[in-house]
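Enquirer: This is the structure, below, for whatever I ask next.
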Amino acid sequence: MIDANTLWLLSFYRSSEISGALFFGRIARTLSASPIAHDLSRHFADESQHAWLWTDCIHQLGARPLAIEAAYQDRYLAAAGLPANLMEVLALTQVFEQRVIRQYAQHGRANGLAPAIRATLTRIMEDEKWHIRWVRRALADFAIRHGKDVVDAALRRFAQADDAVFNQTVDEHAERVREVYNLPRRQS
Ligand SMILES: [Fe+2]
Ligand SMILES: [Fe+2]
């Protein structure tokens, strides 16, 4: 059986992956056929699969997922404002995926990680790397057609929102996250 902090964090991951899947699924449904629509559909399918992998991982560890109310993405969209076009969707996604991959990598370095958690992190990270690759490629195309300044401004806007929301979330759950990741306590 896993400890309460780990169960909370894995449930938080699961909830975030569900939010990501719903976000990309809604957008995928509105796009007509194009290379972006193709990749975005795979991205949607991946995030759904990640939600299932965390669900399965929690079960393997003898627990049941907790219902987590406000997912990170919901706060993130509230702070940054809804993306106004496809380029902004991709800019937001780029920033968010980089945050996810850093969090999962940090969790992967924790001591005494349960094998089921390690296997799930490793499996999901492969997909997350591809998410960053295809979105970066699509944003580079947008920059050629519409100007690098426009893309850079959107990336900056979403990075600021990400920082604000991430710091707020970490502050609220500092003790749990620090324990699970084996991080030193913050000196106050
Ligand atoms: Fe994911
Ligand atoms: Fe992802």
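Here, A, B, ... name the chains of the structure tokens in the order displayed, residue numbers run from 1 inside each chain, and ligands are numbered from 1 in the same displayed order.
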Determine, using only C-alpha atoms, which residues of stretch 7-113 of chain A have any atom at most 8 Å from an atom of stretch 158-176 of chain A, and tabulate each with its shortest atom pair and distance in Å to one decimal place, rows ordered by chain and then rising number, as a Markdown table.

Expert:
```
| residue | atom | partner | partner_atom | distance |
| --- | --- | --- | --- | --- |
| A:Leu9 | CA | A:Arg176 | CA | 7.8 |
| A:Tyr72 | CA | A:Val165 | CA | 7.6 |
| A:Arg75 | CA | A:Val165 | CA | 6.7 |
| A:Tyr76 | CA | A:Val165 | CA | 6.1 |
| A:Ala79 | CA | A:Ala161 | CA | 5.6 |
| A:Ala80 | CA | A:Ala161 | CA | 5.2 |
| A:Ala91 | CA | A:Phe158 | CA | 7.2 |
| A:Leu92 | CA | A:Phe158 | CA | 5.6 |
| A:Val95 | CA | A:Ala159 | CA | 5.9 |
| A:Phe96 | CA | A:Asp162 | CA | 7.2 |
```

Enquirer: Could I get the residues of chain A with an atom no further than 10 Å from an atom of ligand 2, each paired with its nearest atom pair and that distance in Å to one decimal, using only C-alpha atoms and all ligand atoms, sorted by chain and residue number, as a Markdown table?

Expert:
```
| residue | atom | partner | partner_atom_place_in_ligand_line | distance |
| --- | --- | --- | --- | --- |
| A:Ser16 | CA | ligand 2 | 1 (Fe) | 9.9 |
| A:Glu17 | CA | ligand 2 | 1 (Fe) | 7.7 |
| A:Gly20 | CA | ligand 2 | 1 (Fe) | 7.4 |
| A:Ala21 | CA | ligand 2 | 1 (Fe) | 8.8 |
| A:Phe24 | CA | ligand 2 | 1 (Fe) | 10.0 |
| A:His43 | CA | ligand 2 | 1 (Fe) | 6.9 |
| A:Phe44 | CA | ligand 2 | 1 (Fe) | 8.6 |
| A:Asp46 | CA | ligand 2 | 1 (Fe) | 7.2 |
| A:Glu47 | CA | ligand 2 | 1 (Fe) | 6.0 |
| A:Ser48 | CA | ligand 2 | 1 (Fe) | 9.8 |
| A:His50 | CA | ligand 2 | 1 (Fe) | 8.5 |
| A:Thr93 | CA | ligand 2 | 1 (Fe) | 8.1 |
| A:Gln94 | CA | ligand 2 | 1 (Fe) | 9.1 |
| A:Phe96 | CA | ligand 2 | 1 (Fe) | 8.1 |
| A:Glu97 | CA | ligand 2 | 1 (Fe) | 5.4 |
| A:Gln98 | CA | ligand 2 | 1 (Fe) | 8.8 |
| A:Arg99 | CA | ligand 2 | 1 (Fe) | 9.8 |
| A:Val100 | CA | ligand 2 | 1 (Fe) | 7.3 |
| A:Ile101 | CA | ligand 2 | 1 (Fe) | 8.1 |
| A:Ile124 | CA | ligand 2 | 1 (Fe) | 8.3 |
| A:Met125 | CA | ligand 2 | 1 (Fe) | 8.4 |
| A:Glu126 | CA | ligand 2 | 1 (Fe) | 9.6 |
| A:Asp127 | CA | ligand 2 | 1 (Fe) | 6.7 |
| A:Glu128 | CA | ligand 2 | 1 (Fe) | 4.5 |
| A:Lys129 | CA | ligand 2 | 1 (Fe) | 7.9 |
| A:Trp130 | CA | ligand 2 | 1 (Fe) | 8.2 |
| A:His131 | CA | ligand 2 | 1 (Fe) | 5.5 |
| A:Ile132 | CA | ligand 2 | 1 (Fe) | 7.6 |
```

Enquirer: For each of A:Gln103, A:Ala4, A:Ser32, A:Asn182, take the minimum atom-to-atom distance to ligand 1, counting only C-alpha atoms and all ligand atoms, then give the residue where this is smallest.

Expert: A:Gln103

Enquirer: With only C-alpha atoms and all ligand atoms as the basis for distance, which of A:Phe142, A:Tyr13, A:Trp134, A:Trp8 is at the shortest distance from ligand 1?

Expert: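 For ligand 1, the nearest of the candidates is A:Tyr13.
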
Enquirer: If we count only C-alpha atoms and set the cut-off at 10 Å, which residues sit around stretch 51-56 of chain A, ignoring sequence neighbours fewer than 3 positions away in its own chain? Please answer as number ranges by chain.

Expert: A: 10-21, 46-48, 59-66, 116-117, 119-121, 123-124

Enquirer: Could you turn the residues from that selection into a file that holds C-alpha atoms, as a compact mmCIF listing (two decimals), in the first residue's frame?

Expert:
```
# COMPACT_ATOMS: atom_id res chain seq x y z
CA LEU A 10 -0.42 10.05 -8.41
CA SER A 11 -4.11 11.01 -8.29
CA PHE A 12 -3.11 14.59 -9.17
CA TYR A 13 -1.12 13.30 -12.17
CA ARG A 14 -4.10 11.20 -13.25
CA SER A 15 -6.47 14.14 -12.96
CA SER A 16 -4.07 16.39 -14.94
CA GLU A 17 -3.78 13.79 -17.70
CA ILE A 18 -7.58 13.57 -17.89
CA SER A 19 -7.80 17.38 -18.19
CA GLY A 20 -5.14 17.31 -20.92
CA ALA A 21 -7.01 14.60 -22.83
CA ASP A 46 -1.74 9.67 -25.58
CA GLU A 47 -3.05 11.86 -22.74
CA SER A 48 -6.11 9.58 -22.39
CA HIS A 59 -4.55 -0.04 -8.53
CA GLN A 60 -1.34 -2.09 -8.81
CA LEU A 61 -0.13 -0.34 -5.66
CA GLY A 62 -3.24 -1.53 -3.82
CA ALA A 63 -5.00 1.85 -3.71
CA ARG A 64 -7.83 3.65 -5.51
CA PRO A 65 -7.47 7.06 -7.21
CA LEU A 66 -8.63 10.11 -5.25
CA ALA A 116 5.15 0.29 -10.78
CA ILE A 117 5.64 4.07 -10.45
CA ALA A 119 7.63 1.87 -15.06
CA THR A 120 4.68 4.25 -15.49
CA LEU A 121 6.90 7.36 -15.43
CA ARG A 123 6.47 4.79 -20.29
CA ILE A 124 4.72 8.18 -20.14
```

Enquirer: What does the distance from atom CA of A:Val177 to atom CA of A:Ala105 come to in Å, to one decimal?

Expert: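 According to the coordinates, atom CA of A:Val177 and atom CA of A:Ala105 are separated by 13.5 Å.
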
Enquirer: Taking into account only C-alpha atoms, which residue in the set A:Ile27, A:Leu7, A:Ala140, A:Leu40 is nearest to A:Ala67?

Expert: A:Leu7

Enquirer: In Å to one decimal, how far is atom CA of A:Val89 from atom CA of A:Leu77?

Expert: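 Rounded to one decimal, the two atoms are 10.6 Å apart.
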